[in-house]
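Printed here is run27.txt (compact mmCIF, C-alpha atoms):
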# COMPACT_ATOMS: atom_id res chain seq x y z
CA MET A 1 1.25 76.98 76.07
CA ALA A 2 2.12 80.46 74.87
CA GLU A 3 5.81 80.90 74.12
CA SER A 4 7.74 83.99 75.17
CA PRO A 5 8.05 86.75 72.54
CA ALA A 6 11.84 86.38 72.58
CA ARG A 7 11.63 82.67 71.88
CA THR A 8 9.08 83.23 69.15
CA ALA A 9 11.21 85.90 67.51
CA PHE A 10 14.26 83.64 67.69
CA ALA A 11 12.32 80.76 66.17
CA GLU A 12 10.97 82.95 63.38
CA GLU A 13 14.45 84.17 62.52
CA ALA A 14 15.78 80.60 62.62
CA LEU A 15 13.01 79.46 60.30
CA THR A 16 14.18 81.89 57.62
CA HIS A 17 17.08 79.45 57.16
CA LEU A 18 14.86 76.39 56.82
CA ASP A 19 15.50 75.83 53.10
CA THR A 20 19.25 75.82 53.64
CA LEU A 21 18.97 73.34 56.51
CA TYR A 22 16.50 71.12 54.67
CA ARG A 23 18.63 71.04 51.50
CA GLY A 24 21.71 70.23 53.54
CA ALA A 25 19.91 67.50 55.48
CA LEU A 26 18.46 66.07 52.28
CA ARG A 27 21.86 65.89 50.64
CA LEU A 28 23.45 64.37 53.75
CA THR A 29 20.75 61.77 54.52
CA ARG A 30 19.60 61.29 50.91
CA ASP A 31 16.10 60.67 52.24
CA PRO A 32 13.28 63.26 52.63
CA ASP A 33 11.80 61.71 55.78
CA SER A 34 15.18 61.41 57.48
CA ALA A 35 15.96 64.97 56.40
CA GLN A 36 12.78 66.29 58.04
CA ASP A 37 13.51 64.36 61.24
CA LEU A 38 17.03 65.71 61.31
CA VAL A 39 15.99 69.30 60.68
CA GLN A 40 13.21 69.16 63.28
CA GLU A 41 15.62 67.82 65.88
CA ALA A 42 18.15 70.48 64.92
CA TYR A 43 15.59 73.26 65.44
CA LEU A 44 14.51 71.85 68.79
CA ARG A 45 18.13 71.66 69.87
CA ALA A 46 18.76 75.19 68.60
CA LEU A 47 15.91 76.51 70.74
CA ARG A 48 17.18 74.57 73.74
CA TYR A 49 20.62 76.12 73.32
CA GLN A 50 19.38 79.51 72.20
CA HIS A 51 21.44 81.16 74.95
CA SER A 52 24.66 79.96 73.29
CA TYR A 53 23.90 81.82 70.07
CA GLN A 54 25.53 85.22 69.91
CA ALA A 55 23.17 87.73 68.34
CA GLY A 56 24.60 89.35 65.26
CA THR A 57 26.74 86.36 64.29
CA ASN A 58 25.98 84.00 61.43
CA MET A 59 22.80 82.21 62.47
CA LYS A 60 22.67 80.13 59.31
CA ALA A 61 26.14 78.75 60.02
CA TRP A 62 25.24 78.13 63.66
CA LEU A 63 22.11 76.20 62.71
CA PHE A 64 23.90 74.25 60.01
CA ALA A 65 26.57 73.24 62.51
CA ILE A 66 23.90 71.92 64.88
CA MET A 67 22.23 69.99 62.07
CA ARG A 68 25.41 68.42 60.70
CA ASN A 69 26.64 67.48 64.20
CA LEU A 70 23.32 65.74 64.79
CA PHE A 71 23.70 63.99 61.46
CA TRP A 72 27.08 62.61 62.47
CA ASP A 73 25.76 61.62 65.92
CA ARG A 74 22.56 60.01 64.76
CA PHE A 75 23.26 58.62 61.34
CA LYS A 76 26.92 57.87 61.35
CA GLY A 77 27.80 57.33 65.00
CA SER A 78 30.23 59.69 66.66
CA ARG A 79 33.13 58.60 64.47
CA LYS A 80 33.45 60.53 61.24
CA GLU A 81 33.41 58.42 58.13
CA ASP A 82 36.97 58.54 56.96
CA VAL A 83 36.81 58.14 53.22
CA SER A 84 39.75 59.43 51.26
CA LEU A 85 39.43 60.98 47.86
CA ASP A 86 43.18 60.97 47.36
CA ASP A 87 42.93 58.38 44.63
CA VAL A 88 40.92 60.77 42.46
CA GLY A 89 44.19 62.35 41.42
CA GLU A 90 44.22 65.57 39.48
CA PHE A 91 41.20 64.92 37.34
CA VAL A 92 40.36 68.07 35.41
CA LEU A 93 37.19 67.71 33.39
CA TYR A 94 37.93 70.81 31.37
CA GLU A 95 41.26 69.40 30.16
CA LYS A 96 39.70 66.02 29.49
CA LEU A 97 36.99 67.56 27.32
CA ARG A 98 39.44 69.87 25.60
CA ASP A 99 41.73 66.96 24.78
CA GLU A 100 38.79 65.03 23.40
CA GLY A 101 37.70 67.87 21.19
CA ALA A 102 34.34 68.48 22.85
CA LYS A 103 34.19 72.19 22.09
CA PRO A 104 33.09 74.45 23.50
CA GLU A 105 33.74 72.55 26.71
CA ALA A 106 31.11 74.41 28.75
CA ASP A 107 28.36 73.23 26.38
CA VAL A 108 28.77 69.76 27.84
CA LEU A 109 27.68 71.12 31.22
CA ASP A 110 24.44 72.43 29.72
CA LYS A 111 23.59 68.92 28.63
CA LEU A 112 23.90 67.34 32.05
CA ALA A 113 20.60 66.55 33.75
CA ALA A 114 20.11 68.32 37.10
CA SER A 115 19.31 64.97 38.72
CA GLU A 116 22.70 63.63 37.64
CA VAL A 117 24.47 66.62 39.12
CA VAL A 118 22.63 66.11 42.41
CA ALA A 119 23.41 62.38 42.26
CA ALA A 120 27.10 63.16 41.76
CA VAL A 121 27.03 65.44 44.81
CA GLU A 122 25.29 62.74 46.86
CA LYS A 123 27.91 60.20 45.83
CA LEU A 124 30.65 62.25 47.47
CA PRO A 125 31.86 61.01 50.87
CA PRO A 126 29.90 62.98 53.52
CA LEU A 127 32.91 64.92 54.78
CA HIS A 128 33.51 66.21 51.27
CA ARG A 129 29.83 66.55 50.43
CA GLU A 130 29.19 68.95 53.30
CA VAL A 131 31.97 71.28 52.15
CA VAL A 132 30.45 71.47 48.66
CA LEU A 133 27.04 72.14 50.18
CA LEU A 134 28.35 74.98 52.31
CA VAL A 135 30.70 76.69 49.86
CA ASP A 136 29.25 75.95 46.43
CA VAL A 137 25.53 75.68 47.19
CA GLU A 138 25.05 77.99 50.17
CA GLY A 139 27.86 80.43 49.40
CA PHE A 140 29.68 80.19 52.75
CA SER A 141 33.15 81.73 52.95
CA TYR A 142 36.00 79.33 53.71
CA LYS A 143 36.18 80.84 57.19
CA ASP A 144 32.48 80.30 57.93
CA ALA A 145 32.61 76.80 56.48
CA ALA A 146 35.64 76.00 58.64
CA GLN A 147 33.87 77.25 61.77
CA THR A 148 30.70 75.36 60.91
CA LEU A 149 32.58 72.12 60.37
CA GLY A 150 35.08 72.62 63.19
CA VAL A 151 38.12 72.19 60.94
CA PRO A 152 40.97 74.47 59.79
CA ILE A 153 40.48 76.56 56.63
CA GLY A 154 43.18 74.49 54.90
CA THR A 155 41.06 71.38 55.42
CA VAL A 156 38.06 73.11 53.86
CA MET A 157 40.18 74.05 50.86
CA SER A 158 41.67 70.60 50.36
CA ARG A 159 38.31 68.82 50.80
CA LEU A 160 36.67 71.24 48.42
CA HIS A 161 39.36 70.73 45.81
CA ARG A 162 39.13 66.95 46.06
CA ALA A 163 35.33 67.07 46.05
CA ARG A 164 35.27 69.18 42.89
CA GLN A 165 37.67 66.79 41.18
CA GLN A 166 35.52 63.80 42.16
CA LEU A 167 32.36 65.59 41.04
CA GLN A 168 33.87 66.28 37.65
CA LYS A 169 35.06 62.69 37.36
CA SER A 170 31.56 61.38 38.16
CA LEU A 171 29.95 63.76 35.69
CA TYR A 172 32.46 62.87 33.01
CA GLU A 173 31.68 59.19 33.48
CA TYR A 174 27.97 59.97 33.23
CA ALA A 175 28.57 62.11 30.12
CA VAL A 176 30.42 59.25 28.47
CA GLU A 177 27.82 56.63 29.50
CA SER A 178 24.96 58.75 28.20
CA GLY A 179 26.73 59.67 24.97
CA ILE A 180 27.13 63.38 25.72
CA VAL A 181 30.84 62.96 25.06
CA ARG A 182 32.72 60.09 23.56
CA ALA A 183 35.73 58.89 25.49
CA ASN A 184 38.84 59.18 23.34
CA GLY A 185 36.68 60.46 20.52
CA THR A 186 36.39 63.84 18.97
CA LYS A 187 32.68 64.48 18.62
CA GLU A 188 29.63 65.17 20.70
CA VAL A 189 26.26 63.77 19.89
CA PRO A 190 23.53 66.31 19.02
CA ASN A 191 21.44 67.86 21.77
CA ASN A 192 18.23 66.06 20.88
CA GLU A 193 19.76 62.64 21.47
CA LEU A 194 20.52 63.39 25.09
CA GLN A 195 18.86 62.53 28.39
CA MET B 1 52.16 84.85 37.61
CA ASN B 2 52.47 81.76 35.41
CA CYS B 3 49.87 79.14 34.47
CA SER B 4 50.93 76.83 37.27
CA ASP B 5 50.43 79.56 39.92
CA CYS B 6 47.11 80.40 38.31
CA SER B 7 45.95 76.80 38.42
CA GLU B 8 46.96 76.51 42.06
CA LYS B 9 44.96 79.58 43.07
CA LEU B 10 42.00 79.05 40.78
CA ASP B 11 39.71 77.55 43.45
CA SER B 12 40.34 80.48 45.77
CA TYR B 13 39.83 82.97 42.94
CA LEU B 14 36.61 81.25 41.99
CA ASP B 15 35.41 81.47 45.59
CA ARG B 16 36.56 85.09 45.98
CA GLU B 17 38.90 84.09 48.77
CA LEU B 18 42.10 85.80 47.63
CA SER B 19 43.37 89.17 48.77
CA ASN B 20 42.64 92.12 46.52
CA THR B 21 46.21 92.07 45.23
CA GLU B 22 46.10 88.35 44.46
CA MET B 23 42.70 88.69 42.81
CA LEU B 24 44.11 91.40 40.56
CA GLU B 25 47.25 89.39 39.73
CA LEU B 26 45.16 86.40 38.75
CA GLN B 27 42.71 88.52 36.82
CA LEU B 28 45.58 90.04 34.82
CA HIS B 29 46.93 86.58 34.06
CA LEU B 30 43.50 85.41 32.88
CA GLU B 31 43.16 88.43 30.61
CA GLY B 32 46.41 87.55 28.89
CA CYS B 33 46.10 83.77 28.84
CA PRO B 34 43.15 82.33 26.85
CA PRO B 35 43.72 78.68 27.94
CA CYS B 36 43.61 79.64 31.64
CA ALA B 37 40.65 81.97 30.98
CA ASP B 38 38.76 79.13 29.28
CA ASN B 39 39.52 76.84 32.20
CA TYR B 40 38.35 79.48 34.66
CA GLU B 41 35.08 79.97 32.74
CA PHE B 42 34.53 76.24 32.77
CA GLN B 43 35.18 75.95 36.52
CA ALA B 44 32.86 78.91 37.16
CA SER B 45 30.14 77.25 35.07
CA MET B 46 30.62 74.04 37.01
CA LYS B 47 30.24 75.85 40.34
CA ARG B 48 27.09 77.60 39.11
CA LEU B 49 25.69 74.29 37.86
CA VAL B 50 26.14 72.60 41.22
CA LYS B 51 24.49 75.53 42.98
CA VAL B 52 21.53 75.75 40.63
CA CYS B 53 20.87 72.00 40.66
CA CYS B 54 21.17 71.59 44.42
CA GLU B 55 19.21 74.75 45.22
CA GLN B 56 16.08 73.44 43.59
CA ASP B 57 15.02 71.61 46.73
CA LYS B 58 12.96 73.65 49.16
CA ALA B 59 11.46 72.56 52.45
CA PRO B 60 7.89 71.32 51.88
CA GLU B 61 5.29 73.88 52.96
CA ALA B 62 3.55 71.40 55.29
CA PHE B 63 6.85 70.74 57.03
CA ARG B 64 7.51 74.46 57.41
CA GLU B 65 4.08 74.92 58.97
CA LYS B 66 4.56 71.96 61.28
CA LEU B 67 7.86 73.39 62.52
CA ARG B 68 6.27 76.79 63.05
CA GLN B 69 3.58 75.18 65.18
CA ILE B 70 6.15 73.30 67.24
CA LEU B 71 8.63 76.12 67.67
CA THR B 72 6.57 79.27 68.13
Encoded form using structure tokens:
Amino acid sequence: MAESPARTAFAEEALTHLDTLYRGALRLTRDPDSAQDLVQEAYLRALRYQHSYQAGTNMKAWLFAIMRNLFWDRFKGSRKEDVSLDDVGEFVLYEKLRDEGAKPEADVLDKLAASEVVAAVEKLPPLHREVVLLVDVEGFSYKDAAQTLGVPIGTVMSRLHRARQQLQKSLYEYAVESGIVRANGTKEVPNNELQ
Amino acid sequence: MNCSDCSEKLDSYLDRELSNTEMLELQLHLEGCPPCADNYEFQASMKRLVKVCCEQDKAPEAFREKLRQILT
């Protein structure tokens, strides 16, 4: 059946945001097949509720909101997973590395495998993970992230802060385990011994 | 601005979420405070790293085509 030109144009515009939705779904579900199912359902729902989208507003944010709401409905039940990151404390990787003499500190980041960084993101509780995805990966403003997630800006800021601390803690643990830095030591191992 | 204020606002500075005045205040502090500047550079590198690593995934072409068939 031929679709109307308006619907086709809307779908085409929506599809320009496919990579963002797919990446988000992949990080949330941690499974490519589930991610594709989720994204497909999100697009079908978006077309069904096309009339509720206000032209000229942030379509990427609107689509992401549909996708993440479906994620919570389908994969997690309607109740949000309430995992606190309060026990992370003020973990500051930079200070940890500086205190351990791993200079320059930023060199340690260059030695981290991309897969470990992704794994650290995926280990975050979903409510914190989605904030990192929106702000750090997709470049959403706090305001757009807050609207997408349906929470106040302050909540975005506090979740983001906690998530970044937890990410750095996970990556530090990986760096120690893999010998990139030595806990309580003063030296790094050479580049060619890593990964 | 002291180091404690700087640390408190560093996330927002990193994400370009401060007012112009606050951005300038923090920038001036960073220019005069090497430890805070080093920390900022590290946090900025960390943010870039997360973005670059997570952005590598793209929707498979077959999936994109399938969606186009379904939706248009």
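The space between CA of Val52 in chain B and CA of Arg162 in chain A spans 20.4 Å.
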Proximity of chain A to chain B: per-residue shortest pair, 9 Å limit, only C-alpha atoms, as a tab-separated table:
residue	atom	partner	partner_atom	distance
A:Ala2	CA	B:Thr72	CA	8.2
A:Glu3	CA	B:Thr72	CA	6.3
A:Ser4	CA	B:Thr72	CA	8.6
A:Pro5	CA	B:Thr72	CA	8.8
A:Arg7	CA	B:Thr72	CA	7.2
A:Thr8	CA	B:Thr72	CA	4.8
A:Ala9	CA	B:Thr72	CA	8.1
A:Phe10	CA	B:Thr72	CA	8.9
A:Ala11	CA	B:Leu71	CA	6.1
A:Glu12	CA	B:Thr72	CA	7.4
A:Leu15	CA	B:Arg68	CA	7.8
A:Leu18	CA	B:Ala59	CA	6.7
A:Asp19	CA	B:Lys58	CA	5.2
A:Thr20	CA	B:Lys58	CA	8.0
A:Leu21	CA	B:Ala59	CA	8.6
A:Tyr22	CA	B:Ala59	CA	5.7
A:Arg23	CA	B:Asp57	CA	6.0
A:Leu26	CA	B:Asp57	CA	8.6
A:Arg27	CA	B:Cys54	CA	8.5
A:Gln36	CA	B:Phe63	CA	7.5
A:Gln40	CA	B:Leu67	CA	6.9
A:Tyr43	CA	B:Leu71	CA	7.8
A:Leu44	CA	B:Leu71	CA	7.4
A:Leu47	CA	B:Leu71	CA	7.9
A:Leu93	CA	B:Phe42	CA	9.0
A:Tyr94	CA	B:Asn39	CA	6.3
A:Glu95	CA	B:Asn39	CA	7.9
A:Glu105	CA	B:Phe42	CA	7.1
A:Ala106	CA	B:Phe42	CA	5.6
A:Leu109	CA	B:Met46	CA	7.1
A:Asp110	CA	B:Leu49	CA	8.4
A:Ala113	CA	B:Cys53	CA	8.8
A:Ala114	CA	B:Cys53	CA	5.2
A:Ser115	CA	B:Cys53	CA	7.5
A:Val117	CA	B:Val50	CA	6.6
A:Val118	CA	B:Cys54	CA	6.0
A:Val121	CA	B:Val50	CA	8.1
A:Val132	CA	B:Val50	CA	8.7
A:Leu133	CA	B:Cys54	CA	8.2
A:Val135	CA	B:Asp15	CA	8.0
A:Asp136	CA	B:Lys51	CA	5.9
A:Val137	CA	B:Lys51	CA	4.3
A:Glu138	CA	B:Lys51	CA	7.6
A:Gly139	CA	B:Asp15	CA	8.5
A:Ser141	CA	B:Glu17	CA	7.5
A:Tyr142	CA	B:Glu17	CA	7.4
A:Met157	CA	B:Ser12	CA	8.2
A:Leu160	CA	B:Asp11	CA	8.6
A:His161	CA	B:Asp11	CA	7.2
A:Arg164	CA	B:Lys47	CA	8.7
A:Gln168	CA	B:Met46	CA	8.4
For Cys3 in chain B, work out the shell of residues within 10 Å, counting all atoms listed in the file and skipping chain neighbours fewer than 5 positions away, then give it as a PDB file with C-alpha atoms, keeping the file's coordinate frame.
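Just written: selection25.pdb:
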ATOM      1  CA  GLU B   8      46.960  76.510  42.060  1.00  0.00           C
ATOM      2  CA  LYS B   9      44.960  79.580  43.070  1.00  0.00           C
ATOM      3  CA  LEU B  26      45.160  86.400  38.750  1.00  0.00           C
ATOM      4  CA  HIS B  29      46.930  86.580  34.060  1.00  0.00           C
ATOM      5  CA  LEU B  30      43.500  85.410  32.880  1.00  0.00           C
ATOM      6  CA  CYS B  33      46.100  83.770  28.840  1.00  0.00           C
ATOM      7  CA  PRO B  35      43.720  78.680  27.940  1.00  0.00           C
ATOM      8  CA  CYS B  36      43.610  79.640  31.640  1.00  0.00           C
TER       9      CYS B  36
END
Next on the checklist: Counting only C-alpha atoms, find residues at most 10 Å from (36.7, 67.4, 48.4) (file frame) and give them as a ChimeraX atom specification.
Outcome noted: /A:84-86,88,124-132,155-167
Just C-alpha atoms for this one: save the residues we selected as a PDB file, in the frame of the given file.
ATOM      1  CA  SER A  84      39.750  59.430  51.260  1.00  0.00           C
ATOM      2  CA  LEU A  85      39.430  60.980  47.860  1.00  0.00           C
ATOM      3  CA  ASP A  86      43.180  60.970  47.360  1.00  0.00           C
ATOM      4  CA  VAL A  88      40.920  60.770  42.460  1.00  0.00           C
ATOM      5  CA  LEU A 124      30.650  62.250  47.470  1.00  0.00           C
ATOM      6  CA  PRO A 125      31.860  61.010  50.870  1.00  0.00           C
ATOM      7  CA  PRO A 126      29.900  62.980  53.520  1.00  0.00           C
ATOM      8  CA  LEU A 127      32.910  64.920  54.780  1.00  0.00           C
ATOM      9  CA  HIS A 128      33.510  66.210  51.270  1.00  0.00           C
ATOM     10  CA  ARG A 129      29.830  66.550  50.430  1.00  0.00           C
ATOM     11  CA  GLU A 130      29.190  68.950  53.300  1.00  0.00           C
ATOM     12  CA  VAL A 131      31.970  71.280  52.150  1.00  0.00           C
ATOM     13  CA  VAL A 132      30.450  71.470  48.660  1.00  0.00           C
ATOM     14  CA  THR A 155      41.060  71.380  55.420  1.00  0.00           C
ATOM     15  CA  VAL A 156      38.060  73.110  53.860  1.00  0.00           C
ATOM     16  CA  MET A 157      40.180  74.050  50.860  1.00  0.00           C
ATOM     17  CA  SER A 158      41.670  70.600  50.360  1.00  0.00           C
ATOM     18  CA  ARG A 159      38.310  68.820  50.800  1.00  0.00           C
ATOM     19  CA  LEU A 160      36.670  71.240  48.420  1.00  0.00           C
ATOM     20  CA  HIS A 161      39.360  70.730  45.810  1.00  0.00           C
ATOM     21  CA  ARG A 162      39.130  66.950  46.060  1.00  0.00           C
ATOM     22  CA  ALA A 163      35.330  67.070  46.050  1.00  0.00           C
ATOM     23  CA  ARG A 164      35.270  69.180  42.890  1.00  0.00           C
ATOM     24  CA  GLN A 165      37.670  66.790  41.180  1.00  0.00           C
ATOM     25  CA  GLN A 166      35.520  63.800  42.160  1.00  0.00           C
ATOM     26  CA  LEU A 167      32.360  65.590  41.040  1.00  0.00           C
TER      27      LEU A 167
END
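What separates CA of Val39 in chain A from CA of Gly154 in chain A is a distance of 28.3 Å.
In terms of minimum interatomic distance to Ala37 in chain B, B:Leu10 ranks closest within B:Leu18, B:Leu10, B:Ala62, B:Met23, counting all atoms listed in the file.
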Checklist outcome for this item: A straight line from CA of Glu116 in chain A to CA of Asp99 in chain A spans 23.2 Å
Next on the checklist: Can you tell me which residues surround Gln27 in chain B at a distance of at most 10 Å, considering all atoms listed in the file, apart from same-chain residues fewer than 5 positions away, and format the answer as a list of chain:residue names?
Outcome noted: B:Cys6, B:Tyr13, B:Thr21, B:Glu22, B:Gly32, B:Cys33, B:Ala37
Since the input lacks atoms, please generate all heavy atoms for range 13-24 of chain B and provide them as a PDB file, in the frame of the given file.
ATOM      1  N   TYR B  13      40.307  81.850  43.767  1.00  0.00           N
ATOM      2  CA  TYR B  13      39.830  82.970  42.940  1.00  0.00           C
ATOM      3  C   TYR B  13      38.348  82.802  42.648  1.00  0.00           C
ATOM      4  O   TYR B  13      37.553  83.733  42.776  1.00  0.00           O
ATOM      5  CB  TYR B  13      40.635  82.991  41.640  1.00  0.00           C
ATOM      6  CG  TYR B  13      40.259  84.120  40.701  1.00  0.00           C
ATOM      7  CD1 TYR B  13      40.692  85.431  40.937  1.00  0.00           C
ATOM      8  CD2 TYR B  13      39.485  83.876  39.575  1.00  0.00           C
ATOM      9  CE1 TYR B  13      40.356  86.464  40.070  1.00  0.00           C
ATOM     10  CE2 TYR B  13      39.147  84.911  38.703  1.00  0.00           C
ATOM     11  CZ  TYR B  13      39.577  86.204  38.960  1.00  0.00           C
ATOM     12  OH  TYR B  13      39.234  87.219  38.106  1.00  0.00           O
ATOM     13  N   LEU B  14      38.001  81.579  42.296  1.00  0.00           N
ATOM     14  CA  LEU B  14      36.610  81.250  41.990  1.00  0.00           C
ATOM     15  C   LEU B  14      35.692  81.549  43.188  1.00  0.00           C
ATOM     16  O   LEU B  14      34.565  82.008  43.032  1.00  0.00           O
ATOM     17  CB  LEU B  14      36.556  79.743  41.682  1.00  0.00           C
ATOM     18  CG  LEU B  14      35.362  79.119  41.020  1.00  0.00           C
ATOM     19  CD1 LEU B  14      35.173  79.706  39.641  1.00  0.00           C
ATOM     20  CD2 LEU B  14      35.574  77.605  40.915  1.00  0.00           C
ATOM     21  N   ASP B  15      36.200  81.285  44.375  1.00  0.00           N
ATOM     22  CA  ASP B  15      35.410  81.470  45.590  1.00  0.00           C
ATOM     23  C   ASP B  15      35.607  82.842  46.219  1.00  0.00           C
ATOM     24  O   ASP B  15      35.145  83.085  47.334  1.00  0.00           O
ATOM     25  CB  ASP B  15      35.774  80.367  46.612  1.00  0.00           C
ATOM     26  CG  ASP B  15      35.459  78.980  46.071  1.00  0.00           C
ATOM     27  OD1 ASP B  15      34.434  78.833  45.376  1.00  0.00           O
ATOM     28  OD2 ASP B  15      36.233  78.043  46.340  1.00  0.00           O
ATOM     29  N   ARG B  16      36.307  83.726  45.505  1.00  0.00           N
ATOM     30  CA  ARG B  16      36.560  85.090  45.980  1.00  0.00           C
ATOM     31  C   ARG B  16      37.216  85.079  47.360  1.00  0.00           C
ATOM     32  O   ARG B  16      36.826  85.822  48.261  1.00  0.00           O
ATOM     33  CB  ARG B  16      35.258  85.906  46.041  1.00  0.00           C
ATOM     34  CG  ARG B  16      34.544  86.025  44.700  1.00  0.00           C
ATOM     35  CD  ARG B  16      35.331  86.935  43.765  1.00  0.00           C
ATOM     36  NE  ARG B  16      34.741  87.059  42.434  1.00  0.00           N
ATOM     37  CZ  ARG B  16      35.131  86.399  41.348  1.00  0.00           C
ATOM     38  NH1 ARG B  16      36.115  85.507  41.431  1.00  0.00           N
ATOM     39  NH2 ARG B  16      34.574  86.590  40.182  1.00  0.00           N
ATOM     40  N   GLU B  17      38.231  84.235  47.479  1.00  0.00           N
ATOM     41  CA  GLU B  17      38.900  84.090  48.770  1.00  0.00           C
ATOM     42  C   GLU B  17      40.329  84.614  48.770  1.00  0.00           C
ATOM     43  O   GLU B  17      41.049  84.424  49.735  1.00  0.00           O
ATOM     44  CB  GLU B  17      38.899  82.605  49.190  1.00  0.00           C
ATOM     45  CG  GLU B  17      37.533  82.049  49.538  1.00  0.00           C
ATOM     46  CD  GLU B  17      37.080  82.393  50.949  1.00  0.00           C
ATOM     47  OE1 GLU B  17      37.891  82.938  51.716  1.00  0.00           O
ATOM     48  OE2 GLU B  17      35.910  82.114  51.271  1.00  0.00           O
ATOM     49  N   LEU B  18      40.743  85.244  47.673  1.00  0.00           N
ATOM     50  CA  LEU B  18      42.100  85.800  47.630  1.00  0.00           C
ATOM     51  C   LEU B  18      42.082  87.254  48.098  1.00  0.00           C
ATOM     52  O   LEU B  18      41.031  87.890  48.110  1.00  0.00           O
ATOM     53  CB  LEU B  18      42.631  85.737  46.186  1.00  0.00           C
ATOM     54  CG  LEU B  18      42.836  84.339  45.582  1.00  0.00           C
ATOM     55  CD1 LEU B  18      43.262  84.466  44.118  1.00  0.00           C
ATOM     56  CD2 LEU B  18      43.864  83.535  46.352  1.00  0.00           C
ATOM     57  N   SER B  19      43.271  87.740  48.441  1.00  0.00           N
ATOM     58  CA  SER B  19      43.370  89.170  48.770  1.00  0.00           C
ATOM     59  C   SER B  19      43.127  89.986  47.504  1.00  0.00           C
ATOM     60  O   SER B  19      43.204  89.453  46.396  1.00  0.00           O
ATOM     61  CB  SER B  19      44.776  89.477  49.319  1.00  0.00           C
ATOM     62  OG  SER B  19      45.714  89.323  48.268  1.00  0.00           O
ATOM     63  N   ASN B  20      42.878  91.264  47.686  1.00  0.00           N
ATOM     64  CA  ASN B  20      42.640  92.120  46.520  1.00  0.00           C
ATOM     65  C   ASN B  20      43.809  92.077  45.539  1.00  0.00           C
ATOM     66  O   ASN B  20      43.618  92.026  44.324  1.00  0.00           O
ATOM     67  CB  ASN B  20      42.398  93.575  46.960  1.00  0.00           C
ATOM     68  CG  ASN B  20      41.047  93.730  47.634  1.00  0.00           C
ATOM     69  OD1 ASN B  20      40.180  92.862  47.508  1.00  0.00           O
ATOM     70  ND2 ASN B  20      40.884  94.820  48.374  1.00  0.00           N
ATOM     71  N   THR B  21      45.018  92.093  46.087  1.00  0.00           N
ATOM     72  CA  THR B  21      46.210  92.070  45.230  1.00  0.00           C
ATOM     73  C   THR B  21      46.275  90.765  44.438  1.00  0.00           C
ATOM     74  O   THR B  21      46.530  90.756  43.233  1.00  0.00           O
ATOM     75  CB  THR B  21      47.483  92.197  46.099  1.00  0.00           C
ATOM     76  OG1 THR B  21      47.333  93.341  46.927  1.00  0.00           O
ATOM     77  CG2 THR B  21      48.723  92.337  45.246  1.00  0.00           C
ATOM     78  N   GLU B  22      46.041  89.657  45.144  1.00  0.00           N
ATOM     79  CA  GLU B  22      46.100  88.350  44.460  1.00  0.00           C
ATOM     80  C   GLU B  22      44.987  88.216  43.421  1.00  0.00           C
ATOM     81  O   GLU B  22      45.187  87.650  42.350  1.00  0.00           O
ATOM     82  CB  GLU B  22      45.975  87.218  45.491  1.00  0.00           C
ATOM     83  CG  GLU B  22      47.202  87.046  46.364  1.00  0.00           C
ATOM     84  CD  GLU B  22      46.970  86.006  47.446  1.00  0.00           C
ATOM     85  OE1 GLU B  22      45.913  86.066  48.120  1.00  0.00           O
ATOM     86  OE2 GLU B  22      47.837  85.126  47.615  1.00  0.00           O
ATOM     87  N   MET B  23      43.817  88.742  43.766  1.00  0.00           N
ATOM     88  CA  MET B  23      42.700  88.690  42.810  1.00  0.00           C
ATOM     89  C   MET B  23      43.092  89.427  41.521  1.00  0.00           C
ATOM     90  O   MET B  23      42.846  88.949  40.425  1.00  0.00           O
ATOM     91  CB  MET B  23      41.433  89.356  43.391  1.00  0.00           C
ATOM     92  CG  MET B  23      40.751  88.631  44.526  1.00  0.00           C
ATOM     93  SD  MET B  23      39.956  87.069  44.098  1.00  0.00           S
ATOM     94  CE  MET B  23      38.479  87.592  43.262  1.00  0.00           C
ATOM     95  N   LEU B  24      43.717  90.593  41.714  1.00  0.00           N
ATOM     96  CA  LEU B  24      44.110  91.400  40.560  1.00  0.00           C
ATOM     97  C   LEU B  24      45.186  90.697  39.735  1.00  0.00           C
ATOM     98  O   LEU B  24      45.115  90.659  38.505  1.00  0.00           O
ATOM     99  CB  LEU B  24      44.611  92.766  41.049  1.00  0.00           C
ATOM    100  CG  LEU B  24      44.829  93.820  39.981  1.00  0.00           C
ATOM    101  CD1 LEU B  24      43.539  94.107  39.225  1.00  0.00           C
ATOM    102  CD2 LEU B  24      45.359  95.111  40.611  1.00  0.00           C
TER     103      LEU B  24
END
